[in-house]
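Listing of structure32.cif, mmCIF, C-alpha atoms and all ligand atoms
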data_my_file
#
loop_
_atom_site.label_atom_id
_atom_site.label_comp_id
_atom_site.auth_asym_id
_atom_site.auth_seq_id
_atom_site.Cartn_x
_atom_site.Cartn_y
_atom_site.Cartn_z
CA MET A 15 -0.11 16.49 18.72
CA MET A 16 -2.29 17.50 15.75
CA PHE A 17 -5.98 17.20 16.71
CA ASP A 18 -8.35 16.27 13.88
CA ASN A 19 -10.95 19.02 14.14
CA GLY A 20 -12.41 18.07 10.75
CA ASN A 21 -10.39 20.73 8.96
CA LEU A 22 -6.89 19.30 8.61
CA ASN A 23 -4.87 20.09 5.52
CA LEU A 24 -4.45 17.00 3.29
CA PHE A 25 -1.31 18.44 1.74
CA GLU A 26 0.58 18.31 5.05
CA HIS A 27 2.21 15.03 6.07
CA ASP A 28 1.90 16.14 9.69
CA SER A 29 -1.90 15.94 9.43
CA PHE A 30 -1.42 12.15 9.25
CA ALA A 31 1.33 11.73 11.84
CA HIS A 32 -1.10 10.48 14.52
CA GLY A 33 -3.29 8.34 12.29
CA VAL A 34 -5.71 9.08 9.44
CA PRO A 35 -7.75 12.27 9.99
CA HIS A 36 -11.09 10.49 9.55
CA ARG A 37 -13.15 13.43 10.81
CA THR A 38 -11.67 15.60 8.09
CA PHE A 39 -12.57 13.00 5.46
CA GLU A 40 -16.07 12.65 6.91
CA ARG A 41 -16.63 16.40 6.63
CA LEU A 42 -15.25 16.49 3.09
CA ARG A 43 -17.52 13.62 1.99
CA LYS A 44 -20.50 15.51 3.37
CA GLU A 45 -19.70 19.12 2.53
CA ASP A 46 -17.09 19.31 -0.16
CA PRO A 47 -16.67 16.03 -2.08
CA VAL A 48 -14.44 17.57 -4.78
CA SER A 49 -12.20 19.73 -2.62
CA TRP A 50 -9.07 21.64 -3.53
CA SER A 51 -5.80 21.49 -1.57
CA GLU A 52 -3.33 24.33 -2.09
CA GLY A 53 0.23 23.31 -2.94
CA ASN A 54 3.47 25.19 -2.35
CA SER A 55 6.40 26.42 -4.43
CA ASP A 56 7.61 22.84 -5.07
CA THR A 57 4.35 20.99 -5.52
CA ARG A 58 1.21 22.16 -7.31
CA GLY A 59 -2.13 21.89 -5.53
CA PHE A 60 -4.58 19.08 -6.25
CA TRP A 61 -8.23 17.97 -6.16
CA ASN A 62 -9.47 15.46 -3.61
CA LEU A 63 -12.19 12.91 -4.37
CA THR A 64 -13.43 11.46 -1.09
CA ARG A 65 -16.82 9.80 -1.82
CA HIS A 66 -16.99 6.09 -2.68
CA ALA A 67 -19.16 6.64 -5.78
CA ASP A 68 -16.99 9.48 -7.13
CA ILE A 69 -13.77 7.53 -6.66
CA LEU A 70 -15.26 4.61 -8.58
CA THR A 71 -16.43 6.91 -11.38
CA ALA A 72 -12.96 8.40 -11.77
CA ASN A 73 -11.04 5.19 -11.25
CA LYS A 74 -12.78 3.30 -13.99
CA ASP A 75 -12.15 6.04 -16.56
CA GLY A 76 -8.42 5.71 -17.06
CA HIS A 77 -8.65 7.77 -20.23
CA LEU A 78 -10.03 10.91 -18.57
CA TYR A 79 -8.20 10.31 -15.28
CA SER A 80 -4.80 9.25 -16.49
CA SER A 81 -2.08 7.45 -14.54
CA ALA A 82 0.50 8.35 -17.15
CA GLN A 83 1.81 11.56 -15.58
CA GLY A 84 2.56 10.18 -12.16
CA ILE A 85 0.57 8.46 -9.44
CA ARG A 86 1.87 10.36 -6.45
CA VAL A 87 1.36 14.00 -5.56
CA GLU A 88 4.85 15.06 -6.50
CA ASP A 89 5.18 16.93 -9.83
CA GLN A 90 7.54 15.40 -12.36
CA SER A 91 9.00 16.68 -15.60
CA TYR A 92 8.43 14.48 -18.65
CA GLU A 93 12.08 13.29 -18.41
CA GLU A 94 11.69 12.35 -14.74
CA TYR A 95 8.46 10.58 -15.46
CA MET A 96 9.98 8.58 -18.34
CA ALA A 97 13.00 7.59 -16.25
CA ARG A 98 11.03 6.42 -13.24
CA ARG A 99 7.71 5.15 -14.46
CA THR A 100 6.55 1.61 -13.89
CA PHE A 101 3.60 -0.02 -15.63
CA GLN A 102 1.46 1.37 -12.81
CA GLU A 103 2.16 4.78 -14.33
CA THR A 104 0.90 3.92 -17.81
CA ASP A 105 -2.55 3.91 -19.43
CA MET A 106 -4.24 1.64 -21.94
CA PRO A 107 -3.10 0.05 -24.20
CA GLU A 108 0.46 0.08 -22.87
CA HIS A 109 -0.69 -0.83 -19.38
CA SER A 110 -2.78 -3.81 -20.40
CA GLY A 111 0.17 -5.37 -22.29
CA THR A 112 2.35 -5.65 -19.19
CA ARG A 113 -0.58 -6.31 -16.88
CA ARG A 114 -1.63 -9.33 -18.95
CA ARG A 115 1.88 -10.67 -18.59
CA VAL A 116 2.14 -10.36 -14.83
CA ASN A 117 -1.49 -11.16 -13.93
CA PRO A 118 -1.14 -14.96 -14.07
CA ILE A 119 1.68 -14.91 -11.51
CA PHE A 120 -0.59 -13.25 -8.93
CA ALA A 121 -3.90 -14.92 -9.85
CA LYS A 122 -6.00 -16.24 -6.95
CA PRO A 123 -5.55 -19.98 -7.65
CA VAL A 124 -1.80 -19.53 -8.15
CA VAL A 125 -1.42 -17.58 -4.93
CA ALA A 126 -3.61 -20.11 -3.08
CA LYS A 127 -0.84 -22.66 -3.65
CA PHE A 128 1.31 -20.62 -1.29
CA GLU A 129 -1.05 -21.33 1.60
CA THR A 130 1.14 -24.00 3.20
CA VAL A 131 4.32 -21.95 2.83
CA ILE A 132 2.57 -18.91 4.30
CA ARG A 133 1.16 -20.94 7.19
CA ASN A 134 4.55 -22.42 8.07
CA LEU A 135 6.20 -19.03 7.99
CA ALA A 136 3.36 -17.39 9.95
CA SER A 137 3.30 -20.03 12.66
CA ASN A 138 7.08 -19.74 13.15
CA ILE A 139 6.88 -15.96 13.27
CA VAL A 140 4.07 -15.97 15.84
CA GLU A 141 5.66 -18.73 17.97
CA LYS A 142 8.93 -16.83 18.10
CA ALA A 143 7.32 -13.47 18.92
CA ILE A 144 5.01 -14.62 21.72
CA LYS A 145 7.85 -16.28 23.62
CA LYS A 146 8.86 -12.73 24.64
CA SER A 147 6.93 -11.16 27.48
CA GLU A 148 6.91 -7.76 25.81
CA PHE A 149 7.68 -6.96 22.16
CA ASP A 150 7.05 -4.65 19.22
CA ALA A 151 4.27 -6.45 17.34
CA VAL A 152 4.95 -4.53 14.12
CA GLU A 153 8.62 -5.49 14.02
CA GLU A 154 8.22 -9.07 15.29
CA ILE A 155 4.96 -10.07 13.59
CA ALA A 156 3.51 -7.63 11.03
CA LYS A 157 6.77 -6.94 9.21
CA GLN A 158 8.06 -10.49 8.94
CA LEU A 159 5.65 -12.42 6.73
CA PRO A 160 5.25 -9.84 3.92
CA MET A 161 9.04 -9.55 3.79
CA MET A 162 9.59 -13.29 3.56
CA MET A 163 6.83 -13.79 1.00
CA LEU A 164 8.14 -10.93 -1.10
CA GLY A 165 11.47 -12.76 -1.19
CA ARG A 166 9.82 -15.97 -2.34
CA ILE A 167 7.69 -14.26 -4.98
CA LEU A 168 10.66 -12.37 -6.38
CA GLY A 169 12.97 -15.34 -6.02
CA VAL A 170 15.75 -13.54 -4.13
CA GLN A 171 17.83 -14.97 -1.33
CA ASP A 172 16.63 -14.66 2.28
CA SER A 173 19.93 -13.03 3.22
CA ASP A 174 19.07 -10.01 1.02
CA LEU A 175 15.61 -9.48 2.51
CA ASP A 176 16.41 -7.15 5.40
CA TRP A 177 18.31 -4.89 3.04
CA LEU A 178 15.54 -4.92 0.42
CA VAL A 179 12.86 -4.14 2.99
CA GLU A 180 14.90 -1.29 4.42
CA LYS A 181 15.17 0.21 0.92
CA GLY A 182 11.46 -0.39 0.26
CA ASP A 183 10.63 1.42 3.49
CA ALA A 184 12.81 4.34 2.48
CA LEU A 185 10.97 4.59 -0.86
CA ILE A 186 7.44 4.41 0.46
CA GLY A 187 8.20 6.25 3.68
CA ASN A 188 10.03 9.07 1.92
CA SER A 189 8.27 11.68 4.07
CA ASP A 190 8.98 10.00 7.41
CA PRO A 191 12.32 10.67 9.16
CA ASP A 192 12.14 7.21 10.78
CA PHE A 193 12.54 5.60 7.35
CA THR A 194 14.84 7.93 5.42
CA GLN A 195 17.38 10.70 5.92
CA HIS A 196 16.11 12.23 2.66
CA VAL A 197 12.69 13.43 3.81
CA VAL A 198 11.04 14.83 0.66
CA ASP A 199 9.52 17.96 2.16
CA GLN A 200 12.42 18.69 4.49
CA VAL A 201 15.72 18.22 2.63
CA ASP A 202 16.88 18.85 -0.92
CA THR A 203 16.28 15.68 -2.98
CA GLU A 204 17.11 17.30 -6.33
CA ALA A 205 20.02 14.92 -7.00
CA TYR A 206 17.64 11.95 -7.00
CA ARG A 207 14.93 13.26 -9.26
CA PHE A 208 15.46 10.54 -11.86
CA MET A 209 15.28 7.82 -9.19
CA PRO A 210 12.13 6.07 -7.97
CA PHE A 211 10.34 8.10 -5.29
CA ARG A 212 13.08 10.71 -5.66
CA SER A 213 15.12 8.71 -3.19
CA PRO A 214 18.71 7.41 -2.99
CA ALA A 215 17.21 4.06 -2.00
CA GLY A 216 15.80 3.98 -5.54
CA LYS A 217 19.34 4.18 -6.92
CA GLN A 218 20.47 1.30 -4.71
CA LEU A 219 17.54 -0.83 -5.83
CA TYR A 220 18.31 -0.01 -9.47
CA ASP A 221 21.87 -1.24 -8.86
CA TYR A 222 20.57 -4.47 -7.31
CA ALA A 223 18.30 -5.02 -10.32
CA ALA A 224 21.27 -4.39 -12.63
CA GLU A 225 23.20 -7.14 -10.83
CA VAL A 226 20.27 -9.52 -11.37
CA LEU A 227 20.13 -8.60 -15.05
CA ALA A 228 23.86 -9.14 -15.47
CA GLY A 229 23.55 -12.58 -13.87
CA ARG A 230 25.85 -11.58 -11.00
CA LYS A 231 23.04 -11.90 -8.44
CA ARG A 232 21.52 -15.38 -8.42
CA VAL A 233 17.71 -15.56 -8.43
CA ASP A 234 15.31 -18.49 -8.34
CA PRO A 235 14.45 -19.41 -11.96
CA ASP A 236 10.77 -19.86 -10.98
CA GLY A 237 10.52 -16.45 -9.29
CA VAL A 238 8.96 -13.34 -10.82
CA LEU A 239 12.30 -11.65 -11.53
CA ALA A 240 13.71 -14.52 -13.57
CA ARG A 241 10.45 -14.80 -15.49
CA MET A 242 10.48 -11.13 -16.41
CA ILE A 243 13.91 -11.36 -18.03
CA SER A 244 13.52 -14.61 -19.90
CA GLY A 245 11.34 -15.69 -22.81
CA ASP A 246 10.24 -13.74 -25.87
CA ASP A 247 8.76 -10.55 -24.46
CA GLN A 248 11.31 -9.69 -21.78
CA LEU A 249 11.17 -6.32 -20.06
CA ASP A 250 13.91 -3.95 -21.18
CA GLU A 251 16.50 -2.79 -18.65
CA LEU A 252 14.72 0.32 -17.42
CA GLU A 253 11.33 -1.42 -17.33
CA PHE A 254 12.84 -4.24 -15.33
CA LYS A 255 14.51 -1.92 -12.80
CA ASN A 256 11.29 0.02 -12.29
CA PHE A 257 9.17 -3.14 -12.05
CA PHE A 258 11.56 -4.45 -9.40
CA CYS A 259 11.28 -1.21 -7.40
CA LEU A 260 7.49 -1.29 -7.74
CA LEU A 261 7.24 -4.78 -6.27
CA VAL A 262 9.67 -4.06 -3.44
CA ALA A 263 7.70 -0.93 -2.59
CA ALA A 264 4.15 -2.22 -3.19
CA GLY A 265 4.37 -5.73 -1.83
CA ASN A 266 5.92 -5.00 1.47
CA ASP A 267 4.73 -2.32 3.83
CA THR A 268 1.14 -2.29 2.53
CA THR A 269 0.64 -5.80 3.88
CA ARG A 270 2.72 -5.03 6.96
CA TYR A 271 0.47 -2.10 7.86
CA SER A 272 -2.64 -4.20 7.27
CA ILE A 273 -1.41 -6.86 9.71
CA ALA A 274 -0.32 -4.09 12.08
CA MET A 275 -3.82 -2.60 11.92
CA ALA A 276 -5.27 -6.01 12.79
CA LEU A 277 -2.98 -6.26 15.83
CA HIS A 278 -3.82 -2.71 16.86
CA LEU A 279 -7.57 -3.39 16.61
CA LEU A 280 -7.25 -6.65 18.57
CA SER A 281 -5.36 -4.76 21.26
CA GLN A 282 -8.19 -2.20 21.49
CA ASP A 283 -11.05 -4.69 21.73
CA GLN A 284 -10.20 -7.99 23.41
CA LYS A 285 -13.53 -9.52 22.34
CA LEU A 286 -12.32 -9.63 18.74
CA ILE A 287 -9.92 -12.46 19.54
CA GLN A 288 -12.71 -14.56 21.08
CA LYS A 289 -14.85 -13.91 18.01
CA LEU A 290 -12.05 -14.96 15.68
CA GLN A 291 -11.48 -18.10 17.74
CA THR A 292 -15.00 -19.26 16.78
CA GLY A 293 -13.69 -19.76 13.24
CA HIS A 294 -16.76 -18.04 11.72
CA TYR A 295 -14.99 -15.08 10.17
CA TRP A 296 -12.09 -16.41 8.12
CA ASP A 297 -13.77 -15.66 4.80
CA THR A 298 -14.42 -12.02 5.65
CA VAL A 299 -11.86 -10.84 8.19
CA ALA A 300 -9.05 -9.93 5.78
CA ASP A 301 -11.23 -7.56 3.75
CA GLU A 302 -12.59 -5.89 6.88
CA ILE A 303 -9.12 -5.33 8.30
CA ILE A 304 -7.76 -4.07 4.99
CA ARG A 305 -10.81 -1.78 4.58
CA LEU A 306 -10.07 -0.20 7.96
CA ALA A 307 -6.32 -0.03 7.33
CA SER A 308 -6.43 1.21 3.71
CA PRO A 309 -2.65 1.66 3.93
CA THR A 310 -2.09 3.28 0.53
CA MET A 311 -4.50 6.08 1.28
CA HIS A 312 -4.66 7.55 -2.21
CA PHE A 313 -3.29 7.31 -5.68
CA ARG A 314 -3.18 10.22 -8.06
CA ARG A 315 -4.56 10.69 -11.56
CA THR A 316 -4.20 13.61 -13.98
CA ALA A 317 -7.19 15.06 -15.86
CA THR A 318 -6.74 14.76 -19.63
CA SER A 319 -9.45 17.36 -20.36
CA ASP A 320 -11.64 19.76 -18.41
CA ILE A 321 -14.12 17.91 -16.18
CA GLN A 322 -17.25 19.27 -14.57
CA PHE A 323 -17.63 17.36 -11.28
CA HIS A 324 -20.39 18.27 -8.83
CA ASP A 325 -20.07 22.06 -8.67
CA LYS A 326 -16.35 22.21 -9.54
CA THR A 327 -14.34 22.44 -12.75
CA ILE A 328 -11.26 20.26 -12.82
CA LYS A 329 -8.95 21.66 -15.48
CA GLU A 330 -6.99 19.62 -17.99
CA GLY A 331 -3.60 18.81 -16.43
CA ASP A 332 -4.87 19.12 -12.85
CA LYS A 333 -3.91 16.42 -10.36
CA VAL A 334 -6.79 14.46 -8.84
CA LEU A 335 -6.31 12.30 -5.75
CA LEU A 336 -8.54 9.25 -5.32
CA TRP A 337 -8.74 8.90 -1.51
CA PHE A 338 -9.41 5.17 -1.22
CA VAL A 339 -9.06 5.46 2.56
CA SER A 340 -12.06 7.80 2.62
CA GLY A 341 -14.18 5.85 0.13
CA SER A 342 -13.67 2.76 2.27
CA ARG A 343 -15.41 4.51 5.18
CA ASP A 344 -18.17 6.24 3.23
CA GLU A 345 -21.30 6.09 5.38
CA VAL A 346 -23.47 5.93 2.26
CA VAL A 347 -22.02 2.49 1.48
CA PHE A 348 -20.91 1.12 4.86
CA ASP A 349 -23.10 0.74 7.89
CA ASN A 350 -21.17 2.05 10.95
CA PRO A 351 -18.06 2.57 8.82
CA ASN A 352 -15.65 3.09 11.73
CA GLU A 353 -16.69 -0.12 13.48
CA VAL A 354 -14.93 -3.47 13.03
CA GLN A 355 -17.53 -5.92 11.71
CA LEU A 356 -15.61 -9.14 11.21
CA GLY A 357 -18.40 -10.67 9.13
CA ARG A 358 -19.09 -7.59 6.98
CA THR A 359 -20.67 -8.75 3.71
CA PRO A 360 -20.70 -7.38 1.13
CA ASN A 361 -17.56 -5.38 1.72
CA ARG A 362 -17.11 -3.08 -1.26
CA HIS A 363 -14.05 -1.30 0.13
CA LEU A 364 -11.59 0.45 -2.15
CA ALA A 365 -8.29 -0.20 -0.38
CA PHE A 366 -6.95 -2.14 -3.39
CA GLY A 367 -8.08 0.47 -5.93
CA GLN A 368 -11.01 -1.75 -6.93
CA GLY A 369 -13.00 -0.80 -10.01
CA GLY A 370 -10.04 0.52 -12.00
CA PRO A 371 -7.56 -0.96 -14.47
CA HIS A 372 -4.78 -0.72 -11.87
CA VAL A 373 -6.56 -2.71 -9.17
CA CYS A 374 -3.90 -4.19 -6.91
CA LEU A 375 -1.99 -7.05 -8.45
CA GLY A 376 -1.05 -8.49 -5.06
CA MET A 377 -4.47 -8.39 -3.39
CA HIS A 378 -5.02 -12.14 -3.17
CA LEU A 379 -1.58 -12.58 -1.70
CA ALA A 380 -2.10 -9.76 0.79
CA LYS A 381 -5.47 -11.11 1.93
CA LEU A 382 -4.06 -14.58 2.41
CA GLU A 383 -1.20 -13.22 4.50
CA VAL A 384 -3.54 -11.21 6.72
CA ARG A 385 -5.93 -14.11 7.28
CA ILE A 386 -3.30 -16.75 7.97
CA THR A 387 -1.35 -14.54 10.35
CA LEU A 388 -4.54 -13.99 12.34
CA GLU A 389 -5.42 -17.70 12.28
CA GLU A 390 -2.01 -18.63 13.63
CA LEU A 391 -2.13 -15.86 16.22
CA VAL A 392 -5.54 -16.56 17.77
CA LYS A 393 -4.71 -20.28 18.01
CA ARG A 394 -2.03 -19.30 20.47
CA ILE A 395 -3.17 -16.25 22.42
CA ASP A 396 -6.31 -15.04 24.24
CA PHE A 397 -5.35 -11.41 24.63
CA ILE A 398 -3.01 -8.79 23.26
CA LYS A 399 -2.50 -5.61 25.22
CA ALA A 400 -0.73 -2.45 24.07
CA ILE A 401 1.56 -1.16 26.79
CA GLN A 402 2.34 2.08 25.00
CA PRO A 403 0.25 4.12 22.55
CA PRO A 404 1.05 3.08 18.95
CA THR A 405 3.07 5.37 16.70
CA TRP A 406 1.95 6.11 13.12
CA THR A 407 3.71 6.82 9.85
CA ARG A 408 4.18 10.49 8.90
CA SER A 409 2.84 10.55 5.38
CA ASN A 410 -0.20 11.67 3.43
CA PHE A 411 0.34 8.70 1.12
CA ILE A 412 0.88 5.60 3.25
CA CYS A 413 -0.67 5.08 6.63
CA GLY A 414 0.08 2.56 9.29
CA VAL A 415 1.03 1.73 12.83
CA LYS A 416 4.81 1.59 12.80
CA LYS A 417 5.39 0.62 16.42
CA LEU A 418 3.09 -1.28 18.78
CA ILE A 419 4.64 -2.49 22.02
CA VAL A 420 2.46 -5.26 23.43
CA GLU A 421 2.21 -8.07 25.90
CA VAL A 422 0.22 -11.19 25.05
CA GLY A 423 -1.15 -14.17 26.89
C1 LIG B 501 -2.93 -4.91 1.87
C2 LIG B 501 -1.95 -4.82 1.01
C3 LIG B 501 -2.02 -3.98 -0.26
C4 LIG B 501 -2.73 -2.85 -0.52
C5 LIG B 501 -3.69 -2.10 0.40
C6 LIG B 501 -2.43 -2.46 -1.89
C7 LIG B 501 -2.99 -1.36 -2.54
C8 LIG B 501 -2.89 -1.12 -3.90
C9 LIG B 501 -3.64 -0.12 -4.61
C10 LIG B 501 -4.63 0.87 -3.98
C11 LIG B 501 -3.30 -0.20 -5.93
C12 LIG B 501 -3.90 0.62 -7.07
C13 LIG B 501 -2.98 1.70 -7.55
C14 LIG B 501 -3.64 2.66 -8.52
O1 LIG B 501 -4.86 2.72 -8.60
O2 LIG B 501 -2.87 3.40 -9.17
C15 LIG B 501 -2.30 -1.24 -6.03
C16 LIG B 501 -1.66 -1.59 -7.20
C17 LIG B 501 -0.62 -2.50 -7.24
N1 LIG B 501 -0.22 -3.36 -6.23
FE1 LIG B 501 -0.96 -3.44 -4.34
N2 LIG B 501 -1.54 -3.35 -2.41
C18 LIG B 501 -1.26 -4.32 -1.44
C19 LIG B 501 -0.43 -5.40 -1.58
C20 LIG B 501 0.32 -5.68 -2.70
C21 LIG B 501 1.22 -6.80 -2.82
C22 LIG B 501 1.46 -7.86 -1.77
C23 LIG B 501 1.79 -6.70 -4.07
C24 LIG B 501 2.81 -7.56 -4.76
C25 LIG B 501 3.52 -8.51 -4.26
C26 LIG B 501 1.22 -5.52 -4.73
C27 LIG B 501 1.52 -5.08 -5.99
C28 LIG B 501 0.84 -4.10 -6.69
C29 LIG B 501 1.14 -3.72 -8.06
C30 LIG B 501 2.23 -4.29 -8.93
C31 LIG B 501 0.21 -2.71 -8.41
C32 LIG B 501 0.11 -1.97 -9.75
C33 LIG B 501 -0.91 -2.64 -10.63
C34 LIG B 501 -1.19 -1.91 -11.92
O3 LIG B 501 -0.81 -0.76 -12.09
O4 LIG B 501 -1.81 -2.53 -12.81
N3 LIG B 501 0.32 -4.95 -3.86
N4 LIG B 501 -2.08 -1.80 -4.79
#

Represent the supplied structure as C-alpha cells.
Ligand code: HEM
Amino acid sequence: MMFDNGNLNLFEHDSFAHGVPHRTFERLRKEDPVSWSEGNSDTRGFWNLTRHADILTANKDGHLYSSAQGIRVEDQSYEEYMARRTFQETDMPEHSGTRRRVNPIFAKPVVAKFETVIRNLASNIVEKAIKKSEFDAVEEIAKQLPMMMLGRILGVQDSDLDWLVEKGDALIGNSDPDFTQHVVDQVDTEAYRFMPFRSPAGKQLYDYAAEVLAGRKRVDPDGVLARMISGDDQLDELEFKNFFCLLVAAGNDTTRYSIAMALHLLSQDQKLIQKLQTGHYWDTVADEIIRLASPTMHFRRTATSDIQFHDKTIKEGDKVLLWFVSGSRDEVVFDNPNEVQLGRTPNRHLAFGQGGPHVCLGMHLAKLEVRITLEELVKRIDFIKAIQPPTWTRSNFICGVKKLIVEVG
C-alpha cells in the first residue's frame, strides 16, 4: 500500500489507488504551489496548480489557459484532438455557441422539475438495497440513480443503461484494470488514438451514437439526444458522437462517486446520520459532500503564452493541471478543510470547476441526486457500517470509492 508521506508523485496513478493523497496536496499548497511533475517517454510533464486562489485565476482566463488542446494529461496530435474533441475542449467563441445551446436543458429550474422522478427512483433504489443484510453500497445505491437519470436526460431506453454505464466507466476509468482491459499506462492503446479517451469503449459509443443518428435506435423526442439532432442548428455527426460520449462519461461516475463518498463518510461517523435526520442540512449537504469527494480531481489547460506565476515560468505550450480536489481543501479558504461540516456556508469549493467558462453543466442535477438519495436513505436507516475497508479507483484523474461492503439498520 502506498503511504502518503506528503511527497507522492502526481503523475503516477498508483499514488491515488488508496484515496486522494491529501498530505501531498497540503504540502504543495504550502511549499510549492506551482509545482512541476516529470512525464515519461509517452506523456510530457506538467505544472500543478493546487491553491484555491491560483486555480480560480487560471480557470477564469480561458484565453491564456486554453482548453483547446486537450483537457486530460495525455498528449494528443492535432489530428487526434480534432477527431475526439467535445465542446469541453474548445475555447471562446466556439465554446460559448454550443454552451448557450445546451445550458437551458440543465438549468436549475428545469432540473428541479425532475425532483419527483428522482425521489421515486431514489426511494426504490434504497428500499431494494437495504432489504439485504450485507451489500455493496456503491453498486446497489451510489451507481443506480446517476445511471437511471442519465438515461432519462439522454432519452435512451432503460434496457441500454447497463451497457452505456459499463462503456462510460471504461472511458473515465481508463487507468484502472477493474474498468478496462486497455489500461492506458500498461498496454498499447495506439489503435484507439482517434477514439474518445483512447479507448475501444469510445468506438462502441460512437457506433451507438451513429445508430441514433441514422434513426435505427429509438430515442425519446424530448431527451437531450433528440434535441441535439433536430431543429436549425443541429450538431454535425462528429460533434454529436463526441457530445454523446461526453455526457455518458461526465454524467455518470462523477455523481456515483459523490454519493459513494457520502455513504463512506456516514459509515465512518455514525453521528452524521442523526444530524441529517434533523432536516437542518438539506440546503448545504450536497455541496459539502461534493467538496470532499471532488471526483474529477483535475482538468488540464494549455498555456497559450509564457506565464510568470509565483516564482515559476510556465512556457507557452506547457500543460497546466487545475487540481480542483486540492483547491476544495485549501486551508486558506476552508476552516478545518478535512472535516465534514454539513452546514458549511459559504462553501466556495471548486469540484464543479467553478469560476471558469466550463463550469459543470450537470451540477444542479448532481446536487439534487446527492441530496435526495441522502434524504431517502436517512428516512429508513439509523446506521451504516462498513464491514470491509473501501476500495478506491486507480487514477490521477477521477477519484472515488468503488466498493463499499456495508450492513445497515
Ligand atoms: C458531482 C458530480 C459532478 C462533478 C464533480 C462534475 C465535475 C465537472 C467539472 C470539474 C467540470 C469542468 C471541466 C473543466 O473545467 O474543463 C465539468 C464540466 C462538465 N460537466 Fe460535470 N460534473 C458532475 C456531474 C455532471 C453531470 C451529472 C453532467 C451531465 C449530465 C455533467 C456534465 C458536464 C459537462 C457537459 C461539462 C462540460 C461543460 C463545458 O465544457 O462547458 N457533469 N464537470

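Counting all atoms listed in the file, the residue from A:Asp325, A:Ala400, A:Ala223, A:Asn23 that sits nearest to Ile243 (chain A) is A:Ala223.
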
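The space between CA of Gly33 (chain A) and CA of Leu260 (chain A) spans 24.7 Å.
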
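If all atoms listed in the file are the atoms counted, then among A:Gln284, A:Gln83, A:Thr292, A:Gln402 the closest residue to ligand LIG 501 (chain B) is A:Gln83.
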
Pairwise distance, atom C23 of ligand LIG 501 (chain B) with CA of Ala264 (chain A), equals 5.1 Å

I need the residue nearest His372 (chain A) from this list: A:Gly229, A:Gly20, A:Gly76, A:Pro404. Use all atoms listed in the file for the distance.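 Among the listed residues, the smallest separation from His372 (chain A) belongs to A:Gly76.
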
So which one's closest to Glu153 (chain A), A:Ile119, A:Ile419, A:Phe258, A:Trp61? Using only C-alpha atoms, please.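 Closest candidate: A:Ile419.
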
| task | Would you mind listing the residues within 6 Å of ligand LIG 501 (chain B), counting all atoms listed in the file, as a list in words? | result |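 Sorted by chain and then by number, the residues are Phe101, Gln102, Arg113, Leu261, Ala264, Gly265, Thr268, Thr269, Ser272, Ile304, Ser308, Pro309, Thr310, Phe313, Ala365, Phe366, Gly367, His372, Val373, Cys374, Leu375, Gly376, Met377, Leu379 and Ala380 of chain A.
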
Hey, could you patch up region 290-303 of chain A with N, CA and C atoms and hand it over as a PDB file, in the coordinates of the input?
ATOM      1  N   LEU A 290     -12.842 -14.281  16.720  1.00  0.00           N
ATOM      2  CA  LEU A 290     -12.050 -14.960  15.680  1.00  0.00           C
ATOM      3  C   LEU A 290     -11.854 -16.431  16.032  1.00  0.00           C
ATOM      4  N   GLN A 291     -11.711 -16.702  17.320  1.00  0.00           N
ATOM      5  CA  GLN A 291     -11.480 -18.100  17.740  1.00  0.00           C
ATOM      6  C   GLN A 291     -12.673 -19.004  17.411  1.00  0.00           C
ATOM      7  N   THR A 292     -13.846 -18.417  17.157  1.00  0.00           N
ATOM      8  CA  THR A 292     -15.000 -19.260  16.780  1.00  0.00           C
ATOM      9  C   THR A 292     -14.814 -19.852  15.382  1.00  0.00           C
ATOM     10  N   GLY A 293     -13.921 -19.247  14.592  1.00  0.00           N
ATOM     11  CA  GLY A 293     -13.690 -19.760  13.240  1.00  0.00           C
ATOM     12  C   GLY A 293     -14.747 -19.318  12.232  1.00  0.00           C
ATOM     13  N   HIS A 294     -15.655 -18.425  12.624  1.00  0.00           N
ATOM     14  CA  HIS A 294     -16.760 -18.040  11.720  1.00  0.00           C
ATOM     15  C   HIS A 294     -16.393 -16.931  10.738  1.00  0.00           C
ATOM     16  N   TYR A 295     -15.237 -16.315  10.924  1.00  0.00           N
ATOM     17  CA  TYR A 295     -14.990 -15.080  10.170  1.00  0.00           C
ATOM     18  C   TYR A 295     -13.827 -15.150   9.186  1.00  0.00           C
ATOM     19  N   TRP A 296     -13.310 -16.352   8.940  1.00  0.00           N
ATOM     20  CA  TRP A 296     -12.090 -16.410   8.120  1.00  0.00           C
ATOM     21  C   TRP A 296     -12.312 -15.986   6.679  1.00  0.00           C
ATOM     22  N   ASP A 297     -13.535 -16.084   6.192  1.00  0.00           N
ATOM     23  CA  ASP A 297     -13.770 -15.660   4.800  1.00  0.00           C
ATOM     24  C   ASP A 297     -13.869 -14.139   4.662  1.00  0.00           C
ATOM     25  N   THR A 298     -14.124 -13.460   5.757  1.00  0.00           N
ATOM     26  CA  THR A 298     -14.420 -12.020   5.650  1.00  0.00           C
ATOM     27  C   THR A 298     -13.423 -11.121   6.393  1.00  0.00           C
ATOM     28  N   VAL A 299     -12.665 -11.705   7.312  1.00  0.00           N
ATOM     29  CA  VAL A 299     -11.860 -10.840   8.190  1.00  0.00           C
ATOM     30  C   VAL A 299     -10.810 -10.037   7.438  1.00  0.00           C
ATOM     31  N   ALA A 300     -10.160 -10.644   6.435  1.00  0.00           N
ATOM     32  CA  ALA A 300      -9.050  -9.930   5.780  1.00  0.00           C
ATOM     33  C   ALA A 300      -9.566  -8.658   5.113  1.00  0.00           C
ATOM     34  N   ASP A 301     -10.696  -8.754   4.409  1.00  0.00           N
ATOM     35  CA  ASP A 301     -11.230  -7.560   3.750  1.00  0.00           C
ATOM     36  C   ASP A 301     -11.606  -6.478   4.756  1.00  0.00           C
ATOM     37  N   GLU A 302     -12.169  -6.893   5.894  1.00  0.00           N
ATOM     38  CA  GLU A 302     -12.590  -5.890   6.880  1.00  0.00           C
ATOM     39  C   GLU A 302     -11.375  -5.170   7.481  1.00  0.00           C
ATOM     40  N   ILE A 303     -10.332  -5.942   7.748  1.00  0.00           N
ATOM     41  CA  ILE A 303      -9.120  -5.330   8.300  1.00  0.00           C
ATOM     42  C   ILE A 303      -8.487  -4.391   7.265  1.00  0.00           C
TER      43      ILE A 303
END
